[in-house]
Structure formats: structure tokens, C-alpha cells
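Text of upload-v4.cif (mmCIF, C-alpha atoms) as supplied:
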data_protein
#
loop_
_atom_site.group_PDB
_atom_site.id
_atom_site.type_symbol
_atom_site.label_atom_id
_atom_site.label_comp_id
_atom_site.auth_asym_id
_atom_site.auth_seq_id
_atom_site.Cartn_x
_atom_site.Cartn_y
_atom_site.Cartn_z
ATOM 1 C CA MET A 299 186.978 79.921 50.664
ATOM 2 C CA LYS A 300 184.325 77.389 51.560
ATOM 3 C CA SER A 301 180.605 78.005 51.316
ATOM 4 C CA LYS A 302 178.800 77.995 54.641
ATOM 5 C CA LYS A 303 176.192 75.265 54.354
ATOM 6 C CA LEU A 304 173.192 75.116 56.687
ATOM 7 C CA PRO A 305 173.513 71.895 58.682
ATOM 8 C CA ALA A 306 170.532 69.679 59.432
ATOM 9 C CA LEU A 307 170.622 69.794 63.210
ATOM 10 C CA LEU A 308 168.082 68.690 65.751
ATOM 11 C CA LEU A 309 165.439 71.327 66.394
ATOM 12 C CA ALA A 310 166.376 71.667 70.021
ATOM 13 C CA ALA A 311 169.966 72.367 69.123
ATOM 14 C CA LEU A 312 168.876 74.953 66.569
ATOM 15 C CA MET A 313 166.845 76.760 69.202
ATOM 16 C CA ILE A 314 169.819 77.007 71.496
ATOM 17 C CA LEU A 315 172.103 78.215 68.727
ATOM 18 C CA GLY A 316 169.488 80.758 67.695
ATOM 19 C CA LEU A 317 169.927 82.686 70.918
ATOM 20 C CA ALA A 318 173.197 84.030 69.564
ATOM 21 C CA ALA A 319 171.306 85.795 66.790
ATOM 22 C CA CYS A 320 168.793 87.533 69.055
ATOM 23 C CA GLY A 321 169.039 91.286 69.182
ATOM 24 C CA GLY A 322 166.893 94.388 69.121
ATOM 25 C CA ALA A 323 165.778 94.993 65.551
ATOM 26 C CA GLN A 324 163.036 97.590 65.536
ATOM 27 C CA GLY A 325 161.858 97.239 61.964
ATOM 28 C CA ASN A 326 162.901 97.463 58.355
ATOM 29 C CA GLN A 327 164.932 100.499 57.436
ATOM 30 C CA ALA A 328 164.112 102.064 54.107
ATOM 31 C CA ALA A 329 166.543 100.571 51.597
ATOM 32 C CA PRO A 330 166.469 103.051 48.718
ATOM 33 C CA ALA A 331 167.667 102.115 45.261
ATOM 34 C CA ASN A 332 170.571 104.486 45.811
ATOM 35 C CA SER A 333 173.442 102.655 44.167
ATOM 36 C CA LYS A 334 175.631 104.286 41.526
ATOM 37 C CA LEU A 335 176.524 101.502 39.119
ATOM 38 C CA PRO A 336 178.867 101.426 36.128
ATOM 39 C CA GLU A 337 177.753 100.250 32.715
ATOM 40 C CA VAL A 338 178.808 96.643 32.139
ATOM 41 C CA SER A 339 178.313 94.077 29.404
ATOM 42 C CA ASP A 340 176.294 90.897 29.862
ATOM 43 C CA ASP A 341 179.513 89.162 28.766
ATOM 44 C CA LEU A 342 181.420 90.493 31.797
ATOM 45 C CA LYS A 343 183.892 88.011 33.263
ATOM 46 C CA ILE A 344 185.820 88.366 36.530
ATOM 47 C CA LYS A 345 189.052 86.583 37.369
ATOM 48 C CA GLU A 346 189.018 84.400 40.455
ATOM 49 C CA GLU A 347 191.890 86.366 42.007
ATOM 50 C CA GLU A 348 189.791 89.534 41.704
ATOM 51 C CA TRP A 349 186.623 87.964 43.092
ATOM 52 C CA PRO A 350 185.350 89.742 46.237
ATOM 53 C CA VAL A 351 183.826 88.123 49.322
ATOM 54 C CA VAL A 352 180.190 87.436 48.430
ATOM 55 C CA ASP A 353 177.632 86.596 51.116
ATOM 56 C CA GLY A 354 173.879 86.560 51.466
ATOM 57 C CA ALA A 355 170.553 85.093 52.497
ATOM 58 C CA THR A 356 169.434 81.497 52.096
ATOM 59 C CA ALA A 357 166.409 82.308 49.934
ATOM 60 C CA PHE A 358 168.593 83.990 47.297
ATOM 61 C CA LEU A 359 171.470 81.503 47.266
ATOM 62 C CA PRO A 360 170.435 79.953 43.920
ATOM 63 C CA PHE A 361 170.464 83.415 42.317
ATOM 64 C CA TYR A 362 173.860 84.556 43.488
ATOM 65 C CA THR A 363 175.403 81.124 42.993
ATOM 66 C CA ARG A 364 174.305 81.247 39.348
ATOM 67 C CA ALA A 365 175.576 84.828 39.058
ATOM 68 C CA ALA A 366 178.965 83.800 40.440
ATOM 69 C CA ALA A 367 179.167 80.867 38.024
ATOM 70 C CA GLU A 368 178.367 83.092 35.033
ATOM 71 C CA LEU A 369 180.784 85.843 36.035
ATOM 72 C CA LEU A 370 183.637 83.469 36.897
ATOM 73 C CA GLY A 371 183.111 81.131 33.961
ATOM 74 C CA LYS A 372 182.775 78.163 36.312
ATOM 75 C CA THR A 373 180.189 75.515 37.108
ATOM 76 C CA GLU A 374 177.745 76.306 39.890
ATOM 77 C CA GLN A 375 179.403 73.643 42.036
ATOM 78 C CA GLU A 376 182.788 75.320 41.548
ATOM 79 C CA ALA A 377 181.306 78.778 42.145
ATOM 80 C CA SER A 378 179.629 77.634 45.371
ATOM 81 C CA GLU A 379 183.098 77.203 46.876
ATOM 82 C CA LEU A 380 183.746 80.921 46.366
ATOM 83 C CA ILE A 381 180.655 82.347 48.060
ATOM 84 C CA LEU A 382 179.201 82.391 51.541
ATOM 85 C CA CYS A 383 175.661 81.905 52.786
ATOM 86 C CA SER A 384 175.820 83.288 56.318
ATOM 87 C CA THR A 385 172.083 84.210 56.261
ATOM 88 C CA THR A 386 170.724 87.733 56.709
ATOM 89 C CA ASP A 387 171.425 87.651 60.467
ATOM 90 C CA TYR A 388 175.159 87.568 59.838
ATOM 91 C CA ALA A 389 175.626 88.850 56.275
ATOM 92 C CA TYR A 390 174.923 92.460 57.244
ATOM 93 C CA PRO A 391 177.368 92.444 60.181
ATOM 94 C CA ASN A 392 179.905 90.754 57.907
ATOM 95 C CA LEU A 393 179.499 93.580 55.392
ATOM 96 C CA ALA A 394 179.835 96.222 58.101
ATOM 97 C CA ASP A 395 182.919 94.464 59.522
ATOM 98 C CA LYS A 396 184.467 94.153 56.038
ATOM 99 C CA LYS A 397 184.346 90.383 56.226
ATOM 100 C CA ALA A 398 182.149 90.505 53.116
ATOM 101 C CA ASP A 399 182.231 92.929 50.194
ATOM 102 C CA ILE A 400 178.783 92.444 48.649
ATOM 103 C CA ILE A 401 175.712 90.652 49.997
ATOM 104 C CA PHE A 402 172.404 89.561 48.489
ATOM 105 C CA CYS A 403 169.678 90.143 51.059
ATOM 106 C CA LEU A 404 166.383 91.799 51.820
ATOM 107 C CA GLY A 405 166.611 95.231 53.404
ATOM 108 C CA PRO A 406 168.324 95.432 56.806
ATOM 109 C CA SER A 407 166.830 95.838 60.246
ATOM 110 C CA ASP A 408 167.307 99.062 62.177
ATOM 111 C CA GLU A 409 169.766 97.241 64.402
ATOM 112 C CA GLN A 410 171.860 96.179 61.418
ATOM 113 C CA VAL A 411 171.941 99.715 60.020
ATOM 114 C CA ASP A 412 172.855 101.127 63.427
ATOM 115 C CA TYR A 413 175.644 98.576 63.803
ATOM 116 C CA ALA A 414 177.049 99.620 60.431
ATOM 117 C CA LYS A 415 176.912 103.286 61.437
ATOM 118 C CA SER A 416 178.813 102.455 64.614
ATOM 119 C CA LYS A 417 181.551 101.093 62.330
ATOM 120 C CA GLY A 418 181.470 104.180 60.129
ATOM 121 C CA VAL A 419 179.852 102.225 57.293
ATOM 122 C CA GLU A 420 177.002 103.294 55.039
ATOM 123 C CA PHE A 421 175.253 100.811 52.758
ATOM 124 C CA GLU A 422 174.258 101.192 49.125
ATOM 125 C CA TYR A 423 171.464 99.126 47.611
ATOM 126 C CA ALA A 424 170.824 97.872 44.082
ATOM 127 C CA PRO A 425 167.329 96.300 43.837
ATOM 128 C CA LEU A 426 167.240 92.956 42.022
ATOM 129 C CA LEU A 427 164.283 90.747 42.975
ATOM 130 C CA ASN A 428 160.841 91.051 44.544
ATOM 131 C CA GLU A 429 159.592 88.545 47.105
ATOM 132 C CA ALA A 430 156.368 87.796 48.984
ATOM 133 C CA PHE A 431 156.406 87.606 52.774
ATOM 134 C CA VAL A 432 154.124 84.653 53.487
ATOM 135 C CA PHE A 433 152.369 82.943 56.380
ATOM 136 C CA PHE A 434 151.636 79.244 56.548
ATOM 137 C CA VAL A 435 149.777 76.750 58.725
ATOM 138 C CA ASN A 436 149.484 72.977 58.869
ATOM 139 C CA LYS A 437 147.552 71.533 55.911
ATOM 140 C CA ASP A 438 144.888 70.177 58.288
ATOM 141 C CA ASN A 439 144.072 73.637 59.636
ATOM 142 C CA PRO A 440 140.728 74.682 58.062
ATOM 143 C CA VAL A 441 141.654 78.382 58.052
ATOM 144 C CA ASP A 442 142.659 79.471 54.550
ATOM 145 C CA SER A 443 142.745 83.255 54.720
ATOM 146 C CA VAL A 444 143.630 85.989 57.210
ATOM 147 C CA THR A 445 143.899 89.752 57.160
ATOM 148 C CA VAL A 446 146.980 91.757 58.037
ATOM 149 C CA GLN A 447 145.092 93.053 61.080
ATOM 150 C CA GLN A 448 144.370 89.500 62.239
ATOM 151 C CA LEU A 449 148.041 88.618 61.843
ATOM 152 C CA HIS A 450 148.911 91.678 63.898
ATOM 153 C CA ASP A 451 146.525 90.568 66.628
ATOM 154 C CA ILE A 452 147.919 87.019 66.614
ATOM 155 C CA TYR A 453 151.460 88.259 67.124
ATOM 156 C CA ALA A 454 150.323 90.840 69.671
ATOM 157 C CA GLY A 455 148.754 88.018 71.696
ATOM 158 C CA LYS A 456 145.200 89.339 71.224
ATOM 159 C CA ILE A 457 143.924 86.448 69.082
ATOM 160 C CA THR A 458 144.942 83.194 70.726
ATOM 161 C CA ASN A 459 142.506 80.563 69.408
ATOM 162 C CA TRP A 460 141.823 79.430 65.860
ATOM 163 C CA LYS A 461 138.055 79.449 66.495
ATOM 164 C CA ASP A 462 138.245 83.252 66.446
ATOM 165 C CA LEU A 463 139.342 82.984 62.814
ATOM 166 C CA GLY A 464 136.725 80.403 61.808
ATOM 167 C CA GLY A 465 138.882 77.414 62.647
ATOM 168 C CA LYS A 466 138.902 74.736 65.327
ATOM 169 C CA ASP A 467 138.748 75.402 69.040
ATOM 170 C CA GLU A 468 142.510 75.095 69.338
ATOM 171 C CA PRO A 469 145.218 77.387 70.725
ATOM 172 C CA ILE A 470 147.292 79.298 68.187
ATOM 173 C CA ILE A 471 151.006 78.529 68.423
ATOM 174 C CA ALA A 472 152.577 81.625 66.865
ATOM 175 C CA TYR A 473 156.181 80.775 66.021
ATOM 176 C CA GLN A 474 158.702 83.546 65.438
ATOM 177 C CA ARG A 475 162.167 83.726 63.894
ATOM 178 C CA SER A 476 165.444 84.940 65.377
ATOM 179 C CA GLU A 477 166.073 88.669 65.631
ATOM 180 C CA GLY A 478 168.012 90.047 62.678
ATOM 181 C CA SER A 479 166.742 87.370 60.282
ATOM 182 C CA GLY A 480 165.097 88.563 57.098
ATOM 183 C CA SER A 481 161.883 86.862 58.138
ATOM 184 C CA GLN A 482 161.718 88.514 61.549
ATOM 185 C CA THR A 483 162.484 91.894 60.031
ATOM 186 C CA GLY A 484 159.649 91.195 57.590
ATOM 187 C CA LEU A 485 157.267 90.559 60.487
ATOM 188 C CA TYR A 486 158.122 93.949 61.982
ATOM 189 C CA LYS A 487 157.894 95.680 58.607
ATOM 190 C CA PHE A 488 154.597 94.294 57.357
ATOM 191 C CA VAL A 489 152.638 93.055 60.365
ATOM 192 C CA ILE A 490 153.563 94.433 63.757
ATOM 193 C CA PRO A 491 156.163 96.786 65.258
ATOM 194 C CA LYS A 492 158.628 95.032 67.525
ATOM 195 C CA ALA A 493 157.395 96.985 70.539
ATOM 196 C CA GLU A 494 153.896 95.517 70.069
ATOM 197 C CA ALA A 495 154.936 91.921 69.376
ATOM 198 C CA MET A 496 154.624 89.391 72.153
ATOM 199 C CA GLU A 497 157.895 87.900 73.367
ATOM 200 C CA PRO A 498 157.899 84.186 72.472
ATOM 201 C CA ILE A 499 159.161 81.514 74.801
ATOM 202 C CA LEU A 500 162.384 79.845 73.692
ATOM 203 C CA GLU A 501 160.645 76.874 72.106
ATOM 204 C CA MET A 502 158.663 79.213 69.825
ATOM 205 C CA ARG A 503 161.694 81.230 68.649
ATOM 206 C CA ILE A 504 162.979 79.292 65.629
ATOM 207 C CA PRO A 505 166.425 80.304 64.329
ATOM 208 C CA THR A 506 166.294 78.868 60.807
ATOM 209 C CA MET A 507 164.004 79.118 57.792
ATOM 210 C CA MET A 508 163.919 75.330 57.554
ATOM 211 C CA GLY A 509 163.071 74.945 61.218
ATOM 212 C CA ILE A 510 159.973 77.140 61.198
ATOM 213 C CA VAL A 511 158.539 75.213 58.239
ATOM 214 C CA ASP A 512 159.292 71.910 59.937
ATOM 215 C CA VAL A 513 157.628 72.722 63.262
ATOM 216 C CA VAL A 514 154.406 73.842 61.577
ATOM 217 C CA ALA A 515 154.441 70.823 59.269
ATOM 218 C CA ASN A 516 155.406 67.945 61.488
ATOM 219 C CA TYR A 517 156.067 68.562 65.171
ATOM 220 C CA ASP A 518 153.781 68.056 68.177
ATOM 221 C CA ASN A 519 150.721 70.344 68.078
ATOM 222 C CA ALA A 520 151.591 71.223 64.482
ATOM 223 C CA GLN A 521 147.934 71.803 63.627
ATOM 224 C CA GLY A 522 147.866 74.830 65.932
ATOM 225 C CA GLY A 523 151.033 76.368 64.544
ATOM 226 C CA ILE A 524 151.538 79.372 62.296
ATOM 227 C CA GLY A 525 154.824 80.532 60.840
ATOM 228 C CA TYR A 526 156.219 82.856 58.199
ATOM 229 C CA SER A 527 158.951 82.974 55.598
ATOM 230 C CA TYR A 528 159.422 84.015 51.975
ATOM 231 C CA LEU A 529 157.619 82.472 49.041
ATOM 232 C CA TYR A 530 160.653 81.315 47.067
ATOM 233 C CA PHE A 531 162.126 79.441 50.022
ATOM 234 C CA VAL A 532 158.866 77.694 50.899
ATOM 235 C CA LYS A 533 158.012 76.751 47.297
ATOM 236 C CA ASN A 534 161.432 75.979 45.848
ATOM 237 C CA GLN A 535 163.995 75.318 48.576
ATOM 238 C CA HIS A 536 162.202 73.661 51.466
ATOM 239 C CA TYR A 537 158.823 72.560 50.173
ATOM 240 C CA ASP A 538 156.718 70.505 52.576
ATOM 241 C CA GLU A 539 153.347 69.106 51.538
ATOM 242 C CA ASN A 540 152.191 69.252 55.160
ATOM 243 C CA ILE A 541 151.870 73.035 55.186
ATOM 244 C CA LYS A 542 149.652 75.409 53.243
ATOM 245 C CA LEU A 543 150.152 79.071 52.484
ATOM 246 C CA LEU A 544 147.509 81.466 53.737
ATOM 247 C CA LYS A 545 145.808 84.086 51.652
ATOM 248 C CA VAL A 546 146.359 87.555 53.100
ATOM 249 C CA ASN A 547 143.591 90.108 52.639
ATOM 250 C CA GLY A 548 142.041 87.595 50.252
ATOM 251 C CA VAL A 549 145.087 87.325 47.964
ATOM 252 C CA ALA A 550 147.052 84.096 47.613
ATOM 253 C CA PRO A 551 150.837 84.543 47.447
ATOM 254 C CA SER A 552 152.170 83.764 43.975
ATOM 255 C CA ASN A 553 154.673 85.076 41.459
ATOM 256 C CA GLU A 554 151.757 86.560 39.547
ATOM 257 C CA ALA A 555 150.501 88.396 42.645
ATOM 258 C CA ILE A 556 154.016 89.728 43.254
ATOM 259 C CA SER A 557 154.428 90.876 39.658
ATOM 260 C CA GLY A 558 151.005 92.466 39.655
ATOM 261 C CA GLY A 559 151.515 94.122 43.027
ATOM 262 C CA THR A 560 148.259 92.668 44.392
ATOM 263 C CA TYR A 561 149.765 90.700 47.261
ATOM 264 C CA PRO A 562 149.909 93.031 50.291
ATOM 265 C CA MET A 563 153.386 92.118 51.587
ATOM 266 C CA ILE A 564 156.041 92.434 48.872
ATOM 267 C CA ASN A 565 159.674 92.882 49.849
ATOM 268 C CA THR A 566 162.774 93.531 47.747
ATOM 269 C CA MET A 567 166.119 91.748 47.593
ATOM 270 C CA TYR A 568 169.159 93.924 46.967
ATOM 271 C CA ALA A 569 172.798 93.636 46.124
ATOM 272 C CA VAL A 570 174.165 95.564 49.099
ATOM 273 C CA PHE A 571 177.682 96.932 49.435
ATOM 274 C CA ARG A 572 179.596 99.633 51.268
ATOM 275 C CA ALA A 573 179.139 103.153 49.935
ATOM 276 C CA ASP A 574 182.889 103.765 49.832
ATOM 277 C CA GLU A 575 183.366 101.196 47.050
ATOM 278 C CA PRO A 576 185.369 102.826 44.217
ATOM 279 C CA GLU A 577 183.376 104.009 41.206
ATOM 280 C CA ASN A 578 184.279 101.108 38.904
ATOM 281 C CA SER A 579 185.160 98.483 41.509
ATOM 282 C CA THR A 580 184.551 94.797 40.928
ATOM 283 C CA VAL A 581 181.810 94.938 43.538
ATOM 284 C CA ARG A 582 179.926 97.673 41.675
ATOM 285 C CA GLN A 583 180.428 95.771 38.423
ATOM 286 C CA ILE A 584 178.878 92.650 39.962
ATOM 287 C CA ALA A 585 175.879 94.628 41.240
ATOM 288 C CA ALA A 586 175.465 96.244 37.824
ATOM 289 C CA TRP A 587 175.698 92.899 36.008
ATOM 290 C CA CYS A 588 173.119 91.364 38.370
ATOM 291 C CA SER A 589 170.760 94.185 37.385
ATOM 292 C CA GLY A 590 171.204 93.437 33.695
ATOM 293 C CA LYS A 591 169.351 91.482 31.037
ATOM 294 C CA LYS A 592 171.189 88.160 31.406
ATOM 295 C CA ALA A 593 170.784 88.022 35.190
ATOM 296 C CA ARG A 594 167.119 89.002 34.953
ATOM 297 C CA SER A 595 166.592 86.213 32.442
ATOM 298 C CA PHE A 596 168.104 83.450 34.560
ATOM 299 C CA ALA A 597 166.373 84.823 37.663
ATOM 300 C CA GLN A 598 163.070 84.141 35.928
ATOM 301 C CA GLU A 599 164.299 80.689 34.908
ATOM 302 C CA LEU A 600 164.961 80.022 38.590
ATOM 303 C CA SER A 601 161.357 81.112 39.373
ATOM 304 C CA TYR A 602 162.245 84.423 41.011
ATOM 305 C CA VAL A 603 160.325 87.627 40.322
ATOM 306 C CA VAL A 604 162.642 90.335 39.029
ATOM 307 C CA TYR A 605 162.454 93.795 40.579
ATOM 308 C CA ASP A 606 160.294 96.251 38.685
ATOM 309 C CA ALA A 607 159.816 99.572 40.474
ATOM 310 C CA PRO A 608 157.624 100.737 42.092
ATOM 311 C CA LYS A 609 156.166 97.372 43.144
ATOM 312 C CA GLY A 610 158.978 96.551 45.601
ATOM 313 C CA LYS A 611 159.101 98.109 49.054
#
Could you write out this structure as C-alpha cells?
Amino acid sequence: MKSKKLPALLLAALMILGLAACGGAQGNQAAPANSKLPEVSDDLKIKEEEWPVVDGATAFLPFYTRAAAELLGKTEQEASELILCSTTDYAYPNLADKKADIIFCLGPSDEQVDYAKSKGVEFEYAPLLNEAFVFFVNKDNPVDSVTVQQLHDIYAGKITNWKDLGGKDEPIIAYQRSEGSGSQTGLYKFVIPKAEAMEPILEMRIPTMMGIVDVVANYDNAQGGIGYSYLYFVKNQHYDENIKLLKVNGVAPSNEAISGGTYPMINTMYAVFRADEPENSTVRQIAAWCSGKKARSFAQELSYVVYDAPKGK
């Protein structure tokens, strides 16, 4: 099984491909820590022939690649050939369609939960990591801080010029992500309900996490752009010195602000699987192991923030 790598395509091509991911997500369903997990040892090992189909989101690929390597007794390069990275847009449908057995993602959109229900599937969730939902602008934009209400008004189309936020007299280019992506679901969860969000033109609907960073950093009119993603991806996977992260409600996004619960938009990554998984299945063992001491330790080594209730949402 080959890992699905994210190709470096031209932005225009990405925009066209992103249309396939557009749907009608209405927000972030509550993803309760409702999983029933067996007790497992940190020394747990799983045979390759028993390995399930593992999928997930881009921002958490380093975590579940390392987990696979540890559990299989392989190198990370070898383990990467036995996992998928379909992104949140497709990992949840894959789980509902039984094309994946366990996924590592933020909580699902309403649309993704409804699709699973239409297939007779219920999800279970084991919380693993906490993440900050972040907004960024071009480094030359003088605005450093916004409130959640101002972000709401930007994406509702009520604030349209940076001068209204203390910046230059320049139009705000408010980029959005594809429907069903973890980032777009985050926008609806933390900032604005889908029904209130303005519908972006095609050129402002960016289908990939890399793409939305790139347009704000480097493309035409970049100084007027604003985008959003998750802190780990922006800091550790696709860092670009031409963007800067905004403070929200006066708090800068950081691992310390996540751990302390002071940043206003903290989301949780889960190991998600179908509720009909047998009591001691390999899938439940993997989720349990990923909740354990060894996985928490290497998560911190990889610069993630481990889940610590009740700070996650």
C-alpha cells in the first residue's frame, strides 16, 4: 500500500482540483472522548499482515508515521509505505466507506458525520493531541492582532479593508479552504457559522494547506491576504518566513498558549474509528497505544501538544 503524497502542483491546478472537495459542512460536530480502549503495553508490536488501513490529516502525518514505525518495528520510511495521508476531506469518507480502519484527524464536519450515518456508521474518538487554529497575514502587513469578532466580520464580508483594523488602506483578500477540510471546519467552529460566511470566488478557495500559506506569502496582492491553518503545519511542515501569525484576542498562538488554555481557538486531534470495532481489535489497540506514555513522549519530541482534558474542544 503506497502512501498518498501531496504533489506540488501549480496553484491554478490545485484550485480546479479543489472543487471536488466542496460540500456543505455546517460546522464541527462534537467529538466526545467516547472510545472504549483496551489496556496495552508501550512495548506493543503489530505484525504487518495484521496492520489495518491507517489514514489521516496532513498536519498529523509525522505523529502517525512515527506511531506506525514504533508499532511495526520498522523505520519511518518503511512505515510510510503502509499508511495513507488522504487529508481530512477524504479520510472521514474513507473511514465511513470502510476504505480506512482508523484515521488521525481533527473532529469531523456535520457533513462528514451525516455521510457516515447514511452508511450506517458511527464514529468513536480517542483524543490524542491539542492544536491551535491560527490566522496569518503577509509579513509586511502592519496588523499584528485581531479579535474573534473581527475575524467573524472579515469572513462575513463586513470588514473589507485593512485600515479598519489599523492597517493600510488596502482591500482584505480573505482566502478560504475547501469544504470538508479540517481548516474550513475550524473556521465554522471557531469563527463563523457556514450560513454567515461569504461565498468566496474560485480563486480565493484554496484546496490545500500548502496553497493557502503560499498565496498569502508570495502571490500577487499577498500583502492584502489573510488565511488560516493549524499551528503545527505552519511552524513545522510548511514554514514560510514571508507570513506572520496573528494574535487573537491579544494572545499569540504557541505551544505554551495551547497547553495553558489561553489561546482562544484550541482544537483536538483524535484517533477515529468505527464504533463496531471488536473490543480488543488491532484498531482499538493502536488507539490505546497512541494514548499511552511512549506515544505522548515522542509527540512532544515532534513539537506537538499532547491532549490534556479539559483544554481541548
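Between Glu501 in chain A and the candidates A:Pro350, A:Gly522, A:Gln474, A:Phe488, the tightest atom-to-atom separation, counting only C-alpha atoms, involves A:Gln474.
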- Item | Residue with smallest distance to Gly464 in chain A - pool A:Ser481, A:Asn540, A:Asn439, A:Gln598, counting only C-alpha atoms |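 Of all the options, A:Asn439 lies closest to Gly464 in chain A.
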- Atom pair CA of Asp438 in chain A / CA of Lys542 in chain A: separation (Å):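 Value for the CA of Asp438 in chain A-CA of Lys542 in chain A distance: 8.7 Å.
Neighbours of Pro440 in chain A closer than or equal to 12 Å, with only C-alpha atoms counted and sequence neighbours fewer than 5 positions away skipped, come out as Phe434, Val435, Trp460, Lys461, Leu463, Gly464, Gly465, Lys466, Asp467, Glu468, Gln521, Gly522, Ile541, Lys542, Leu543 and Leu544 of chain A.
If you look at CA of Glu494 in chain A and CA of Glu477 in chain A, they are 14.7 Å away from each other.
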- Task: Starting from the shown file, work through the PyMOL selection byres ((chain A and resi 546-560) around 10) and note down what comes out as an NGL selection string.
- Result: :A and (428-433 or 442-449 or 528-530 or 533 or 543-545 or 561-565 or 601-606 or 608-610)
- Counting only C-alpha atoms, which of A:Leu369, A:Gly523, A:Glu374, A:Phe596 gets nearest to Ile344 in chain A?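 Closest to Ile344 in chain A, using only C-alpha atoms: A:Leu369.
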Report, as lines of an AutoDock Vina configuration file, the axis-aligned box around all atoms of range 564-579 of chain A present in the file, extended by 8 Å on each side; give centre and edge lengths in Å to one decimal place.
center_x = 170.7
center_y = 97.9
center_z = 45.1
size_x = 45.3
size_y = 28.3
size_z = 28.4
Need to verify the contact set: Arg572 in chain A, 9 Å, only C-alpha atoms, exclusion of same-chain residues closer than 4 positions in sequence. Can you return it as a PDB file with C-alpha atoms, in the frame of the given file?
ATOM      1  CA  LEU A 393     179.499  93.580  55.392  1.00  0.00           C
ATOM      2  CA  ALA A 394     179.835  96.222  58.101  1.00  0.00           C
ATOM      3  CA  LYS A 396     184.467  94.153  56.038  1.00  0.00           C
ATOM      4  CA  ASP A 399     182.231  92.929  50.194  1.00  0.00           C
ATOM      5  CA  ILE A 400     178.783  92.444  48.649  1.00  0.00           C
ATOM      6  CA  VAL A 419     179.852 102.225  57.293  1.00  0.00           C
ATOM      7  CA  GLU A 420     177.002 103.294  55.039  1.00  0.00           C
ATOM      8  CA  PHE A 421     175.253 100.811  52.758  1.00  0.00           C
ATOM      9  CA  GLU A 422     174.258 101.192  49.125  1.00  0.00           C
ATOM     10  CA  TYR A 423     171.464  99.126  47.611  1.00  0.00           C
TER      11      TYR A 423
END
- Task: Let me know the residues the PyMOL selection byres ((chain A and resi 568) around 7) catches in the file above, as a PyMOL selection string.
- Result: chain A and resi 402-404+423-426+566-567+569-570
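One finds CA of Tyr453 in chain A at 17.5 Å from CA of Asn436 in chain A.
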- Message: Which residue is closest to Cys383 in chain A? Choose from A:Thr356, A:Ser476, A:Ser407, A:Asn578 and count all atoms listed in the file.
- Response: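 Looking only at the distances to Cys383 in chain A, the closest residue turns out to be A:Thr356.
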- Query: Could you name the residues that touch Thr458 in chain A at 7 Å or less, counting all atoms listed in the file, but leaving out those on the same chain fewer than 4 positions away, as number ranges by chain?
  - Reply: A: 452, 469-470
- Task: Evaluate the PyMOL selection byres ((chain A and resi 486) around 12) on the structure here and hand back the selected residues as a ChimeraX atom specification.
- Result: /A:322-327,406-408,431,449-450,453-454,474-475,477-485,487-496,526,563
Writer output for current selection, C-alpha atoms, as a PDB file, in the frame of the given file:
ATOM      1  CA  GLY A 322     166.893  94.388  69.121  1.00  0.00           C
ATOM      2  CA  ALA A 323     165.778  94.993  65.551  1.00  0.00           C
ATOM      3  CA  GLN A 324     163.036  97.590  65.536  1.00  0.00           C
ATOM      4  CA  GLY A 325     161.858  97.239  61.964  1.00  0.00           C
ATOM      5  CA  ASN A 326     162.901  97.463  58.355  1.00  0.00           C
ATOM      6  CA  GLN A 327     164.932 100.499  57.436  1.00  0.00           C
ATOM      7  CA  PRO A 406     168.324  95.432  56.806  1.00  0.00           C
ATOM      8  CA  SER A 407     166.830  95.838  60.246  1.00  0.00           C
ATOM      9  CA  ASP A 408     167.307  99.062  62.177  1.00  0.00           C
ATOM     10  CA  PHE A 431     156.406  87.606  52.774  1.00  0.00           C
ATOM     11  CA  LEU A 449     148.041  88.618  61.843  1.00  0.00           C
ATOM     12  CA  HIS A 450     148.911  91.678  63.898  1.00  0.00           C
ATOM     13  CA  TYR A 453     151.460  88.259  67.124  1.00  0.00           C
ATOM     14  CA  ALA A 454     150.323  90.840  69.671  1.00  0.00           C
ATOM     15  CA  GLN A 474     158.702  83.546  65.438  1.00  0.00           C
ATOM     16  CA  ARG A 475     162.167  83.726  63.894  1.00  0.00           C
ATOM     17  CA  GLU A 477     166.073  88.669  65.631  1.00  0.00           C
ATOM     18  CA  GLY A 478     168.012  90.047  62.678  1.00  0.00           C
ATOM     19  CA  SER A 479     166.742  87.370  60.282  1.00  0.00           C
ATOM     20  CA  GLY A 480     165.097  88.563  57.098  1.00  0.00           C
ATOM     21  CA  SER A 481     161.883  86.862  58.138  1.00  0.00           C
ATOM     22  CA  GLN A 482     161.718  88.514  61.549  1.00  0.00           C
ATOM     23  CA  THR A 483     162.484  91.894  60.031  1.00  0.00           C
ATOM     24  CA  GLY A 484     159.649  91.195  57.590  1.00  0.00           C
ATOM     25  CA  LEU A 485     157.267  90.559  60.487  1.00  0.00           C
ATOM     26  CA  LYS A 487     157.894  95.680  58.607  1.00  0.00           C
ATOM     27  CA  PHE A 488     154.597  94.294  57.357  1.00  0.00           C
ATOM     28  CA  VAL A 489     152.638  93.055  60.365  1.00  0.00           C
ATOM     29  CA  ILE A 490     153.563  94.433  63.757  1.00  0.00           C
ATOM     30  CA  PRO A 491     156.163  96.786  65.258  1.00  0.00           C
ATOM     31  CA  LYS A 492     158.628  95.032  67.525  1.00  0.00           C
ATOM     32  CA  ALA A 493     157.395  96.985  70.539  1.00  0.00           C
ATOM     33  CA  GLU A 494     153.896  95.517  70.069  1.00  0.00           C
ATOM     34  CA  ALA A 495     154.936  91.921  69.376  1.00  0.00           C
ATOM     35  CA  MET A 496     154.624  89.391  72.153  1.00  0.00           C
ATOM     36  CA  TYR A 526     156.219  82.856  58.199  1.00  0.00           C
ATOM     37  CA  MET A 563     153.386  92.118  51.587  1.00  0.00           C
TER      38      MET A 563
END
- Message: Using all atoms listed in the file, list the residues that have an atom at most 12 Å from (175.0, 100.0, 42.6), coordinates as in the file, as a ChimeraX atom specification.
- Response: /A:330-338,400-401,421-426,568-590
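Using only C-alpha atoms, the shortest contact distance between Phe531 in chain A and any of A:Phe358, A:Ile381, A:Thr373, A:Thr363 is found at A:Phe358.
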